[in-house]
>>> print(open('model.csv').read())   # CSV, C-alpha atoms
chain,number,residue,atom,x,y,z
A,13,MET,CA,-0.2,18.4,11.5
A,14,LEU,CA,3.1,18.5,13.5
A,15,ASN,CA,1.3,18.2,16.8
A,16,SER,CA,-0.8,15.4,15.5
A,17,ARG,CA,2.3,13.6,14.3
A,18,ARG,CA,4.1,14.0,17.6
A,19,ASN,CA,1.1,12.7,19.4
A,20,GLN,CA,1.1,9.6,17.2
A,21,GLU,CA,4.7,8.9,18.0
A,22,ASP,CA,3.9,8.8,21.7
A,23,PRO,CA,0.2,9.4,22.1
A,24,THR,CA,0.1,8.5,25.8
A,25,GLY,CA,3.2,10.4,26.8
A,26,LEU,CA,4.6,7.2,28.3
A,27,TRP,CA,8.0,7.4,26.8
A,28,ASN,CA,8.3,11.1,27.6
A,29,LEU,CA,7.5,10.3,31.2
A,30,ALA,CA,9.8,7.3,31.4
A,31,GLU,CA,12.7,9.3,29.8
A,32,ARG,CA,12.2,12.1,32.3
A,33,ARG,CA,12.5,9.5,35.1
A,34,GLY,CA,15.8,8.3,33.6
A,35,MET,CA,14.5,5.0,32.3
A,36,PRO,CA,16.5,3.5,29.4
A,37,ARG,CA,14.5,2.9,26.2
A,38,ARG,CA,15.2,-0.8,26.2
A,39,ARG,CA,14.0,-1.2,29.8
A,40,PHE,CA,10.9,0.8,28.9
A,41,LEU,CA,10.1,-1.5,26.0
A,42,GLN,CA,10.7,-4.6,28.2
A,43,LEU,CA,8.3,-3.3,30.8
A,44,LEU,CA,5.7,-2.6,28.1
A,45,VAL,CA,6.0,-6.1,26.6
A,46,ALA,CA,5.9,-7.8,30.0
A,47,GLY,CA,3.1,-5.8,31.7
A,48,GLY,CA,1.8,-3.1,29.4
A,49,ALA,CA,1.3,0.6,30.2
A,50,SER,CA,0.5,-0.2,33.9
A,51,ALA,CA,4.0,-1.7,34.4
A,52,VAL,CA,5.7,1.4,33.0
A,53,LEU,CA,3.4,3.7,35.1
A,54,ALA,CA,4.1,1.6,38.2
A,55,ALA,CA,7.9,1.9,37.6
A,56,CYS,CA,7.5,5.7,37.1
A,57,GLY,CA,5.0,6.1,40.0
A,58,ALA,CA,2.3,7.6,37.7
A,59,GLY,CA,-1.3,7.2,37.0
A,60,ASN,CA,-3.2,5.9,33.9
A,61,ALA,CA,-2.7,6.9,30.3
A,62,ASP,CA,-5.3,7.6,27.6
A,63,GLU,CA,-5.5,5.9,24.2
A,64,ASP,CA,-5.6,8.0,21.1
A,65,ALA,CA,-7.8,6.5,18.4
A,66,PRO,CA,-9.8,7.6,15.3
A,67,ALA,CA,-13.5,8.0,15.7
A,68,ALA,CA,-15.5,4.8,14.9
A,69,GLU,CA,-18.3,6.1,12.9
A,70,VAL,CA,-19.0,2.9,10.8
A,71,ALA,CA,-22.0,2.8,8.5
A,72,PRO,CA,-23.3,-0.7,9.1
A,73,ALA,CA,-25.3,-0.8,5.8
A,74,THR,CA,-22.1,-0.3,3.8
A,75,GLY,CA,-19.5,-2.0,6.0
A,76,TRP,CA,-17.1,1.0,5.5
A,77,PHE,CA,-16.0,3.5,8.1
A,78,LYS,CA,-15.2,6.1,5.5
A,79,ASP,CA,-17.5,8.0,3.1
A,80,THR,CA,-17.7,6.0,-0.1
A,81,GLY,CA,-18.8,9.0,-2.2
A,82,PRO,CA,-15.4,9.9,-3.7
A,83,PHE,CA,-14.8,6.3,-4.9
A,84,ILE,CA,-15.9,3.8,-7.5
A,85,ALA,CA,-17.4,1.0,-5.4
A,86,HIS,CA,-16.9,-2.3,-7.0
A,87,ASP,CA,-19.5,-5.1,-6.9
A,88,ASP,CA,-17.4,-7.3,-4.6
A,89,GLY,CA,-18.3,-5.0,-1.7
A,90,LYS,CA,-14.7,-5.0,-0.6
A,91,SER,CA,-13.0,-2.6,-3.0
A,92,LEU,CA,-13.2,1.2,-3.3
A,93,GLU,CA,-11.3,2.5,-6.3
A,94,ALA,CA,-10.0,6.0,-6.2
A,95,ARG,CA,-10.8,8.5,-8.9
A,96,LEU,CA,-7.5,10.0,-9.9
A,97,GLU,CA,-9.2,13.1,-11.2
A,98,LEU,CA,-10.2,14.0,-7.6
A,99,MET,CA,-6.6,13.7,-6.2
A,100,PRO,CA,-5.7,17.1,-4.9
A,101,GLY,CA,-1.9,16.8,-5.2
A,102,LEU,CA,1.1,14.6,-4.5
A,103,ILE,CA,-0.1,13.2,-1.1
A,104,THR,CA,-3.4,11.3,-1.2
A,105,PRO,CA,-5.7,12.3,1.7
A,106,ALA,CA,-7.0,9.4,3.7
A,107,SER,CA,-10.5,10.3,2.6
A,108,HIS,CA,-9.5,9.6,-1.0
A,109,PHE,CA,-7.2,6.7,-0.4
A,110,PHE,CA,-8.3,3.5,-2.2
A,111,VAL,CA,-9.3,0.4,-0.2
A,112,ARG,CA,-8.9,-3.3,-1.1
A,113,ASN,CA,-10.1,-5.6,1.7
A,114,ASN,CA,-10.7,-9.4,1.8
A,115,SER,CA,-13.5,-9.0,4.3
A,116,THR,CA,-15.5,-6.2,5.8
A,117,SER,CA,-13.3,-3.7,7.7
A,118,VAL,CA,-12.4,-4.7,11.2
A,119,ASP,CA,-13.2,-2.5,14.2
A,120,VAL,CA,-10.3,-3.0,16.7
A,121,ASP,CA,-10.0,-1.7,20.2
A,122,ALA,CA,-6.3,-0.6,20.4
A,123,ALA,CA,-6.3,-0.6,24.2
A,124,SER,CA,-6.8,-4.4,24.2
A,125,TRP,CA,-5.0,-5.1,20.9
A,126,ARG,CA,-1.8,-7.2,21.0
A,127,LEU,CA,0.8,-8.2,18.5
A,128,ARG,CA,2.2,-11.7,18.9
A,129,VAL,CA,5.7,-12.5,17.6
A,130,GLU,CA,6.6,-16.2,17.5
A,131,GLY,CA,8.0,-19.1,15.5
A,132,ASP,CA,11.0,-21.4,15.4
A,133,GLY,CA,13.0,-18.6,13.8
A,134,VAL,CA,13.0,-16.4,17.0
A,135,THR,CA,15.0,-16.7,20.2
A,136,ASN,CA,12.1,-15.6,22.4
A,137,SER,CA,8.4,-15.1,21.6
A,138,ALA,CA,6.8,-11.8,22.7
A,139,ILE,CA,3.5,-10.0,22.9
A,140,PHE,CA,3.5,-6.3,22.1
A,141,SER,CA,0.9,-3.6,23.0
A,142,MET,CA,0.5,-0.4,21.0
A,143,GLU,CA,2.5,1.4,23.7
A,144,ALA,CA,5.4,-1.0,23.1
A,145,ILE,CA,5.3,-0.5,19.3
A,146,ARG,CA,5.2,3.2,19.7
A,147,ALA,CA,8.2,3.0,22.1
A,148,LEU,CA,10.3,1.7,19.3
A,149,PRO,CA,12.3,4.3,17.2
A,150,THR,CA,9.8,6.2,15.0
A,151,ARG,CA,10.2,6.1,11.2
A,152,THR,CA,8.2,8.3,8.7
A,153,LEU,CA,8.4,7.7,5.0
A,154,THR,CA,6.5,8.7,1.9
A,155,SER,CA,5.4,5.8,-0.3
A,156,TYR,CA,2.8,4.9,-2.8
A,157,LEU,CA,0.7,1.8,-2.1
A,158,GLU,CA,-0.8,-0.1,-5.1
A,159,CYS,CA,-3.1,-3.1,-5.5
A,160,ALA,CA,-1.6,-6.0,-7.5
A,161,GLY,CA,-4.7,-5.9,-9.6
A,162,ASN,CA,-4.5,-2.2,-10.4
A,163,HIS,CA,-5.3,-1.8,-14.2
A,164,ARG,CA,-6.7,-5.3,-14.3
A,165,ALA,CA,-9.6,-4.2,-16.5
A,166,MET,CA,-7.1,-3.2,-19.2
A,167,PHE,CA,-6.5,-6.9,-20.1
A,168,ASP,CA,-10.0,-6.9,-21.3
A,169,ARG,CA,-10.2,-3.3,-22.6
A,170,VAL,CA,-6.9,-3.4,-24.4
A,171,GLN,CA,-6.1,-7.0,-25.1
A,172,ARG,CA,-9.7,-8.2,-25.4
A,173,ARG,CA,-8.9,-11.0,-22.9
A,174,ALA,CA,-10.6,-10.7,-19.5
A,175,ALA,CA,-8.8,-11.7,-16.4
A,176,GLU,CA,-10.3,-13.1,-13.2
A,177,GLY,CA,-11.1,-10.8,-10.3
A,178,THR,CA,-12.3,-7.3,-9.5
A,179,GLN,CA,-12.0,-5.2,-12.7
A,180,TRP,CA,-9.9,-2.4,-11.4
A,181,GLY,CA,-9.2,0.6,-13.6
A,182,PRO,CA,-6.2,2.9,-12.7
A,183,GLY,CA,-7.4,3.9,-9.2
A,184,GLY,CA,-6.2,1.1,-7.1
A,185,ILE,CA,-3.4,3.3,-5.8
A,186,GLY,CA,-2.6,6.1,-3.3
A,187,ASN,CA,0.4,7.9,-2.1
A,188,GLY,CA,0.8,8.6,1.6
A,189,GLU,CA,3.1,9.7,4.4
A,190,TRP,CA,3.4,6.7,6.8
A,191,THR,CA,4.6,6.7,10.3
A,192,GLY,CA,5.5,3.7,12.5
A,193,ALA,CA,8.3,1.4,13.6
A,194,ALA,CA,10.6,-0.6,11.5
A,195,LEU,CA,9.7,-4.3,11.5
A,196,ARG,CA,13.3,-5.2,12.0
A,197,ASP,CA,13.3,-3.4,15.4
A,198,VAL,CA,10.6,-5.8,16.5
A,199,LEU,CA,12.5,-8.8,15.1
A,200,ASP,CA,15.7,-7.6,16.8
A,201,PHE,CA,14.0,-7.3,20.1
A,202,VAL,CA,12.8,-10.9,20.1
A,203,GLY,CA,16.0,-12.1,18.6
A,204,LEU,CA,16.4,-13.9,15.2
A,205,ARG,CA,17.9,-17.3,15.0
A,206,PRO,CA,20.6,-17.7,12.3
A,207,ASP,CA,18.5,-20.1,10.3
A,208,ALA,CA,15.4,-17.7,10.1
A,209,VAL,CA,14.4,-17.4,6.4
A,210,SER,CA,10.7,-16.4,6.3
A,211,VAL,CA,8.4,-13.9,8.1
A,212,LEU,CA,4.7,-14.4,8.0
A,213,LEU,CA,2.4,-11.5,8.6
A,214,VAL,CA,-1.2,-12.3,9.7
A,215,GLY,CA,-4.2,-10.0,10.0
A,216,LEU,CA,-7.2,-9.9,12.3
A,217,ASP,CA,-9.7,-10.1,9.4
A,218,VAL,CA,-10.9,-13.6,10.2
A,219,GLU,CA,-13.6,-13.4,7.5
A,220,SER,CA,-10.7,-13.4,4.9
A,221,PRO,CA,-9.3,-16.6,3.4
A,222,GLU,CA,-7.2,-18.6,5.9
A,223,ARG,CA,-9.1,-16.9,8.7
A,224,GLY,CA,-6.8,-13.9,8.7
A,225,PHE,CA,-5.2,-12.4,5.5
A,226,ARG,CA,-1.5,-13.2,5.4
A,227,ARG,CA,1.6,-12.8,3.5
A,228,ALA,CA,5.1,-14.3,3.9
A,229,LEU,CA,8.2,-12.1,3.4
A,230,PRO,CA,11.8,-13.3,2.9
A,231,ILE,CA,13.9,-12.4,5.9
A,232,ASP,CA,16.0,-9.8,4.0
A,233,LYS,CA,12.8,-7.9,3.0
A,234,ALA,CA,11.4,-8.2,6.5
A,235,ARG,CA,14.6,-6.7,7.9
A,236,HIS,CA,14.8,-3.8,5.3
A,237,PRO,CA,14.8,-0.6,7.3
A,238,ASP,CA,11.9,0.8,5.3
A,239,THR,CA,9.6,-2.3,5.9
A,240,LEU,CA,7.3,-0.6,8.3
A,241,LEU,CA,4.7,-1.4,11.0
A,242,ALA,CA,2.6,1.7,10.4
A,243,TYR,CA,0.2,3.3,12.9
A,244,ALA,CA,-0.3,6.7,11.2
A,245,LEU,CA,-1.2,7.9,7.7
A,246,ASN,CA,-0.4,11.6,6.8
A,247,GLY,CA,0.2,12.5,10.4
A,248,ASP,CA,-3.1,11.2,11.7
A,249,PRO,CA,-4.1,7.9,13.3
A,250,LEU,CA,-4.3,5.1,10.8
A,251,PRO,CA,-7.9,5.0,9.5
A,252,ARG,CA,-9.9,1.9,10.5
A,253,ASP,CA,-10.5,0.9,6.8
A,254,HIS,CA,-6.8,1.0,6.4
A,255,GLY,CA,-5.8,-1.3,9.2
A,256,TYR,CA,-6.1,0.5,12.5
A,257,PRO,CA,-4.3,0.2,14.9
A,258,LEU,CA,-1.3,-1.4,13.0
A,259,ARG,CA,-0.6,-2.5,9.5
A,260,ALA,CA,2.5,-3.5,7.6
A,261,LEU,CA,3.8,-1.3,4.8
A,262,ILE,CA,6.1,-2.9,2.3
A,263,PRO,CA,7.3,-0.2,-0.1
A,264,GLY,CA,7.5,-1.2,-3.8
A,265,TRP,CA,5.7,-4.5,-3.2
A,266,VAL,CA,2.1,-5.2,-4.2
A,267,GLY,CA,-0.5,-4.0,-1.7
A,268,ALA,CA,-1.5,-7.5,-0.6
A,269,SER,CA,1.9,-7.7,1.1
A,270,SER,CA,1.1,-4.8,3.4
A,271,ILE,CA,-1.2,-6.7,5.8
A,272,LYS,CA,-3.8,-4.7,7.7
A,273,TRP,CA,-5.1,-5.1,11.2
A,274,LEU,CA,-1.8,-6.9,12.0
A,275,GLU,CA,-2.0,-9.3,15.0
A,276,ARG,CA,0.6,-12.0,14.5
A,277,ILE,CA,4.1,-12.4,13.1
A,278,VAL,CA,5.5,-15.9,12.6
A,279,VAL,CA,9.2,-16.3,11.9
A,280,SER,CA,10.2,-19.6,10.3
A,281,SER,CA,13.4,-21.5,9.5
A,282,GLU,CA,11.6,-22.8,6.4
A,283,LYS,CA,10.2,-20.8,3.4
A,284,LEU,CA,6.5,-20.4,4.2
A,285,TRP,CA,3.8,-21.1,1.6
A,286,THR,CA,0.2,-19.9,2.0
A,287,ARG,CA,-2.7,-19.3,-0.3
A,288,ASN,CA,-1.4,-15.8,-1.1
A,289,ASN,CA,1.8,-17.0,-2.7
A,290,THR,CA,0.7,-20.4,-4.1
A,291,THR,CA,-2.8,-20.0,-5.7
A,292,SER,CA,-3.6,-16.3,-5.2
A,293,TYR,CA,-1.3,-13.4,-6.0
A,294,VAL,CA,0.5,-15.6,-8.5
A,295,LEU,CA,1.2,-15.0,-12.1
A,296,ILE,CA,-0.5,-17.9,-13.9
A,297,GLY,CA,-0.1,-18.3,-17.7
A,298,ASP,CA,2.0,-19.7,-20.5
A,299,ASP,CA,4.8,-17.1,-19.8
A,300,TYR,CA,5.0,-17.9,-16.1
A,301,PRO,CA,6.5,-21.3,-15.2
A,302,PRO,CA,5.6,-22.4,-11.6
A,303,GLU,CA,7.9,-21.7,-8.8
A,304,GLY,CA,8.2,-23.8,-5.6
A,305,ASP,CA,4.8,-24.9,-4.3
A,306,ALA,CA,3.0,-22.2,-6.4
A,307,ASP,CA,0.8,-22.6,-9.4
A,308,GLY,CA,2.9,-19.9,-11.2
A,309,GLN,CA,5.2,-17.1,-10.2
A,310,PRO,CA,4.3,-15.4,-6.8
A,311,VAL,CA,3.7,-11.6,-7.2
A,312,THR,CA,6.0,-9.5,-5.0
A,313,ARG,CA,7.3,-6.2,-6.6
A,314,GLN,CA,5.2,-3.7,-8.5
A,315,THR,CA,6.0,-2.5,-12.0
A,316,VAL,CA,6.5,1.0,-13.6
A,317,LYS,CA,3.1,2.5,-14.5
A,318,SER,CA,1.4,5.8,-15.5
A,319,ALA,CA,-2.2,7.0,-15.8
A,320,LEU,CA,-4.0,10.1,-16.6
A,321,ALA,CA,-6.0,11.8,-13.9
A,322,LEU,CA,-9.2,11.8,-16.0
A,323,PRO,CA,-12.5,9.9,-15.8
A,324,TRP,CA,-12.9,6.8,-17.9
A,325,PRO,CA,-14.0,7.7,-20.6
A,326,ALA,CA,-13.3,11.4,-20.4
A,327,GLU,CA,-15.2,14.3,-21.9
A,328,LEU,CA,-13.6,17.7,-22.5
A,329,GLU,CA,-14.5,20.9,-24.3
A,330,ALA,CA,-12.5,21.9,-27.4
A,331,GLY,CA,-9.5,24.1,-26.7
A,332,SER,CA,-6.3,24.2,-24.7
A,333,HIS,CA,-6.0,21.9,-21.7
A,334,ARG,CA,-3.3,21.1,-19.3
A,335,LEU,CA,-3.7,17.4,-18.5
A,336,HIS,CA,-2.0,15.7,-15.6
A,337,GLY,CA,-1.5,12.3,-14.2
A,338,TYR,CA,0.6,10.1,-11.9
A,339,ALA,CA,3.5,7.7,-12.5
A,340,GLN,CA,5.3,5.3,-10.2
A,341,SER,CA,7.9,2.6,-10.0
A,342,PRO,CA,9.4,0.3,-7.3
A,343,ASP,CA,12.9,1.1,-8.6
A,344,GLY,CA,13.3,4.7,-7.9
A,345,PRO,CA,12.2,8.1,-9.2
A,346,ILE,CA,10.3,8.6,-12.4
A,347,THR,CA,12.8,10.3,-14.8
A,348,ARG,CA,10.6,10.6,-17.9
A,349,VAL,CA,6.9,10.6,-18.9
A,350,GLU,CA,5.8,10.7,-22.5
A,351,TRP,CA,2.4,11.1,-24.1
A,352,SER,CA,0.8,10.3,-27.4
A,353,ASP,CA,-2.5,11.1,-29.0
A,354,ASP,CA,-2.0,9.1,-32.2
A,355,SER,CA,-2.0,5.5,-30.8
A,356,GLY,CA,1.7,5.6,-30.0
A,357,ARG,CA,3.1,6.5,-33.4
A,358,THR,CA,4.4,9.8,-32.1
A,359,TRP,CA,5.5,10.5,-28.5
A,360,TYR,CA,6.0,13.8,-26.8
A,361,GLU,CA,7.7,14.7,-23.5
A,362,ALA,CA,5.6,15.6,-20.5
A,363,THR,CA,6.8,17.6,-17.5
A,364,VAL,CA,7.5,15.6,-14.3
A,365,LEU,CA,6.5,17.7,-11.3
A,366,ASP,CA,7.6,17.9,-7.7
A,367,PRO,CA,10.8,16.6,-6.1
A,368,GLN,CA,10.4,12.8,-5.6
A,369,VAL,CA,11.2,11.5,-2.2
A,370,GLN,CA,11.7,8.0,-1.0
A,371,TYR,CA,9.0,5.8,-2.6
A,372,SER,CA,6.6,8.5,-3.7
A,373,TRP,CA,4.8,8.5,-7.0
A,374,ALA,CA,5.3,11.4,-9.4
A,375,ARG,CA,2.9,13.9,-10.9
A,376,PHE,CA,3.2,14.9,-14.5
A,377,GLU,CA,1.5,17.3,-16.9
A,378,PHE,CA,1.4,18.4,-20.5
A,379,ALA,CA,-0.4,20.8,-22.7
A,380,TRP,CA,-2.9,19.4,-25.2
A,381,GLU,CA,-4.9,21.2,-27.9
A,382,ALA,CA,-8.2,19.4,-27.9
A,383,ARG,CA,-10.1,19.2,-31.2
A,384,GLU,CA,-13.7,18.1,-31.5
A,385,GLY,CA,-14.1,14.3,-32.0
A,386,GLU,CA,-13.0,11.0,-30.5
A,387,HIS,CA,-9.4,10.8,-29.3
A,388,THR,CA,-7.2,8.3,-27.5
A,389,ILE,CA,-4.3,9.5,-25.3
A,390,MET,CA,-1.6,7.2,-24.0
A,391,THR,CA,1.2,7.8,-21.5
A,392,ARG,CA,4.3,5.9,-20.7
A,393,ALA,CA,6.9,6.3,-17.9
A,394,THR,CA,10.5,5.5,-17.4
A,395,ASP,CA,12.3,5.2,-14.1
A,396,ALA,CA,15.8,5.9,-12.9
A,397,ALA,CA,16.8,2.3,-13.5
A,398,GLY,CA,15.9,2.6,-17.1
A,399,ALA,CA,12.7,0.5,-16.9
A,400,THR,CA,10.0,1.7,-19.3
A,401,GLN,CA,6.4,0.6,-19.7
A,402,PRO,CA,6.4,-2.2,-22.3
A,403,ASP,CA,4.4,-2.2,-25.5
A,404,SER,CA,2.6,-5.3,-24.4
A,405,VAL,CA,2.2,-7.4,-21.2
A,406,PRO,CA,1.9,-11.2,-21.3
A,407,PHE,CA,-1.6,-12.3,-20.2
A,408,ASN,CA,-1.9,-13.9,-16.7
A,409,ARG,CA,-5.1,-15.5,-15.6
A,410,LYS,CA,-5.6,-13.4,-12.4
A,411,GLY,CA,-4.8,-10.1,-14.1
A,412,TYR,CA,-1.9,-8.8,-12.0
A,413,LEU,CA,0.8,-6.2,-12.9
A,414,PHE,CA,-0.7,-4.8,-16.1
A,415,ASN,CA,1.6,-2.0,-17.1
A,416,GLN,CA,1.5,-1.4,-20.8
A,417,PRO,CA,0.5,2.1,-21.9
A,418,VAL,CA,-3.2,2.5,-21.4
A,419,PRO,CA,-5.2,4.0,-24.4
A,420,HIS,CA,-7.4,6.5,-22.5
A,421,PRO,CA,-10.6,7.5,-24.5
A,422,VAL,CA,-11.4,11.2,-24.6
A,423,ARG,CA,-14.4,12.8,-26.3
A,424,VAL,CA,-14.0,16.4,-27.2
A,425,THR,CA,-17.2,18.5,-27.8
>>> encode(input="model.csv", output="structure tokens")
Amino acid sequence: MLNSRRNQEDPTGLWNLAERRGMPRRRFLQLLVAGGASAVLAACGAGNADEDAPAAEVAPATGWFKDTGPFIAHDDGKSLEARLELMPGLITPASHFFVRNNSTSVDVDAASWRLRVEGDGVTNSAIFSMEAIRALPTRTLTSYLECAGNHRAMFDRVQRRAAEGTQWGPGGIGNGEWTGAALRDVLDFVGLRPDAVSVLLVGLDVESPERGFRRALPIDKARHPDTLLAYALNGDPLPRDHGYPLRALIPGWVGASSIKWLERIVVSSEKLWTRNNTTSYVLIGDDYPPEGDADGQPVTRQTVKSALALPWPAELEAGSHRLHGYAQSPDGPITRVEWSDDSGRTWYEATVLDPQVQYSWARFEFAWEAREGEHTIMTRATDAAGATQPDSVPFNRKGYLFNQPVPHPVRVT
């Protein structure tokens, strides 16, 4: 894994070569932006470099590059929901990481791929190759990534009021180790004007709405040191279904903000409004007054949640069991998880496992003595900021951010 990670930081060996020849990093980056790998090699007096990329074994009949066997494949053809009961531990393998696309996955040639950075909020426009992105200081962080519609089906199952969209259960989430460059380093390289306020990220998935899925970030979030341009997941090349060769990762924000197959960044002196913060990814309902040009309140940050790692519904044999699950929050570590098997009248403390680092989710477990019959188990989490899952969530038409305790049905035989 370590060798793989090192290769991802500088897969062509260009920076190592340039550094040995005494070239300053900024000069190296300038050459890459201006003329690509060939310009650096010419300056170093060296030959060609090879591109490291994941194998492209797409199954045309499914439109996915990865094996869909471990997932719940939703009818929209663009969503693979993870089965939490198959998660092997704290870090989600790429093979089990959920997928939410707005088109079929895009097959990108990293050698010819370029990232354009432009707009009236930058001093100079620039075009970056993958070599240029990898030449920036490398950052690695652990973070969960969660679909805004995770648990959407619970509006119907729990509140008996169905929301629009793909009916996700609890598996629209994964927890990974992400490697890449900080977005702010790219922005600093091109130079931000003092009046820059909005940063628009645009993907190469032209079959998506607006001919490229996109999301606007406020300038302070774009410049946060942990807002990442990621090119590796769990120490290996970013999988093609997950945005290869480059995607954004916005820790703590809904997954729709972490644009995949990134190809353009537009920095603006005005707040940018697109489909994805006006009519989609917006909380629309009686409890959500409209904001700006939006039909409701644009969805940005995630909420504190927990879920059992059991099939829905679950079947267990009578006897003693150790049940486990996952909990997460955008506001820091999970400090407490409770569970109930009497519809929330009585709550018991679960054990929170593993040291939590950065933006990771938490594993929890508890012992349960299963008796024959039909049961309902609920869990609720509390984070370091004191936020706890609420008893009820106001309905919103598109079904985002459901986070009240979920009554998980369990049949014991």
>>> closest_atom_pairs(input="model.csv", of="segment 139-221 of chain A", to="segment 363-387 of chain A", cutoff="8 Å", atoms="all atoms listed in the file", output="tab-separated table")
residue	atom	partner	partner_atom	distance
A:Leu153	CA	A:Gln370	CA	6.9
A:Thr154	CA	A:Ser372	CA	5.6
A:Ser155	CA	A:Tyr371	CA	4.3
A:Tyr156	CA	A:Ser372	CA	5.3
A:Asn187	CA	A:Ser372	CA	6.4
A:Gly188	CA	A:Ser372	CA	7.9
>>> closest_atom_pairs(input="model.csv", of="segment 74-177 of chain A", to="segment 285-304 of chain A", cutoff="12 Å", atoms="only C-alpha atoms", output="CSV")
residue,atom,partner,partner_atom,distance
A:Asn114,CA,A:Asn288,CA,11.7
A:Cys159,CA,A:Tyr293,CA,10.5
A:Ala160,CA,A:Tyr293,CA,7.6
A:Gly161,CA,A:Tyr293,CA,9.0
A:Ala175,CA,A:Ile296,CA,10.7
A:Glu176,CA,A:Ser292,CA,10.9
A:Gly177,CA,A:Ser292,CA,10.6
>>> closest_atom_pairs(input="model.csv", of="segment 310-383 of chain A", to="segment 212-233 of chain A", cutoff="12 Å", atoms="only C-alpha atoms", output="CSV")
residue,atom,partner,partner_atom,distance
A:Pro310,CA,A:Ala228,CA,10.8
A:Val311,CA,A:Arg227,CA,11.0
A:Thr312,CA,A:Leu229,CA,9.1
A:Arg313,CA,A:Lys233,CA,11.2
>>> residues_around(input="model.csv", residues="Ala234 of chain A", least_positions_apart="3", cutoff="12 Å", atoms="all atoms listed in the file", output="number ranges by chain")
A: 194-200, 204, 208-213, 227-231, 237-241, 260-263, 265, 269-270, 277-279
>>> residues_around(input="model.csv", residues="segment 82-93 of chain A", least_positions_apart="5", cutoff="7 Å", atoms="all atoms listed in the file", output="compact mmCIF listing (two decimals) with C-alpha atoms, keeping the file's coordinate frame")
# COMPACT_ATOMS: atom_id res chain seq x y z
CA HIS A 108 -9.50 9.60 -1.00
CA PHE A 110 -8.30 3.50 -2.20
CA VAL A 111 -9.30 0.40 -0.20
CA ARG A 112 -8.90 -3.30 -1.10
CA ASN A 113 -10.10 -5.60 1.70
CA ASN A 114 -10.70 -9.40 1.80
CA SER A 115 -13.50 -9.00 4.30
CA THR A 116 -15.50 -6.20 5.80
CA GLY A 183 -7.40 3.90 -9.20
CA GLY A 184 -6.20 1.10 -7.10
>>> residues_near_point(input="model.csv", point="(-3.0, 7.9, 4.4)", cutoff="6 Å", atoms="only C-alpha atoms", output="list in words")
Pro105, Ala106, Gly188, Leu245 and Asn246 of chain A
>>> atom_distance(input="model.csv", atom1="atom CA of Arg259 of chain A", atom2="atom CA of Ala397 of chain A")
29.2 Å
>>> residues_around(input="model.csv", residues="segment 166-172 of chain A", least_positions_apart="3", cutoff="8 Å", atoms="all atoms listed in the file", output="VMD selection string")
chain A and resid 163 175 181 407 411 414 418 to 419
>>> residues_around(input="model.csv", residues="Glu158 of chain A", least_positions_apart="2", cutoff="6 Å", atoms="all atoms listed in the file", output="PyMOL selection string")
chain A and resi 184-185+266-267
>>> atom_distance(input="model.csv", atom1="atom CA of Leu258 of chain A", atom2="atom CA of Ser280 of chain A")
21.7 Å
>>> closest_residue(input="model.csv", among="A:Leu413, A:Leu322, A:Ala165, A:Ala396", to="Leu98 of chain A", atoms="all atoms listed in the file")
A:Leu322
>>> atom_distance(input="model.csv", atom1="atom CA of Ala122 of chain A", atom2="atom CA of Val134 of chain A")
25.2 Å
>>> closest_residue(input="model.csv", among="A:Asp343, A:Asp119, A:Glu189, A:Asp132", to="Ile103 of chain A", atoms="all atoms listed in the file")
A:Glu189
>>> residues_around(input="model.csv", residues="Gly192 of chain A", least_positions_apart="6", cutoff="7 Å", atoms="only C-alpha atoms", output="PyMOL selection string")
chain A and resi 150-152+240-244
>>> closest_residue(input="model.csv", among="A:Trp190, A:Ala268, A:Glu282, A:Ala147", to="Gly131 of chain A", atoms="all atoms listed in the file")
A:Glu282
>>> decode(input="model.csv", residues="segment 395-402 of chain A", atoms="N, CA and C atoms", output="PDB file, in the first residue's frame")
ATOM      1  N   ASP A 395     -22.640  13.857  18.550  1.00  0.00           N
ATOM      2  CA  ASP A 395     -21.271  14.217  18.186  1.00  0.00           C
ATOM      3  C   ASP A 395     -20.634  15.124  19.230  1.00  0.00           C
ATOM      4  N   ALA A 396     -19.377  15.477  18.990  1.00  0.00           N
ATOM      5  CA  ALA A 396     -18.608  16.266  19.951  1.00  0.00           C
ATOM      6  C   ALA A 396     -19.169  17.662  20.153  1.00  0.00           C
ATOM      7  N   ALA A 397     -19.934  18.155  19.170  1.00  0.00           N
ATOM      8  CA  ALA A 397     -20.553  19.476  19.300  1.00  0.00           C
ATOM      9  C   ALA A 397     -21.870  19.420  20.061  1.00  0.00           C
ATOM     10  N   GLY A 398     -22.294  18.212  20.455  1.00  0.00           N
ATOM     11  CA  GLY A 398     -23.530  18.059  21.201  1.00  0.00           C
ATOM     12  C   GLY A 398     -24.760  17.814  20.351  1.00  0.00           C
ATOM     13  N   ALA A 399     -24.598  17.719  19.030  1.00  0.00           N
ATOM     14  CA  ALA A 399     -25.733  17.458  18.141  1.00  0.00           C
ATOM     15  C   ALA A 399     -26.136  15.995  18.235  1.00  0.00           C
ATOM     16  N   THR A 400     -27.427  15.751  18.407  1.00  0.00           N
ATOM     17  CA  THR A 400     -27.982  14.401  18.507  1.00  0.00           C
ATOM     18  C   THR A 400     -29.052  14.226  17.442  1.00  0.00           C
ATOM     19  N   GLN A 401     -29.205  13.027  16.957  1.00  0.00           N
ATOM     20  CA  GLN A 401     -30.270  12.764  15.996  1.00  0.00           C
ATOM     21  C   GLN A 401     -31.622  13.152  16.595  1.00  0.00           C
ATOM     22  N   PRO A 402     -32.425  13.917  15.860  1.00  0.00           N
ATOM     23  CA  PRO A 402     -33.695  14.399  16.406  1.00  0.00           C
ATOM     24  C   PRO A 402     -34.765  13.313  16.381  1.00  0.00           C
TER      25      PRO A 402
END
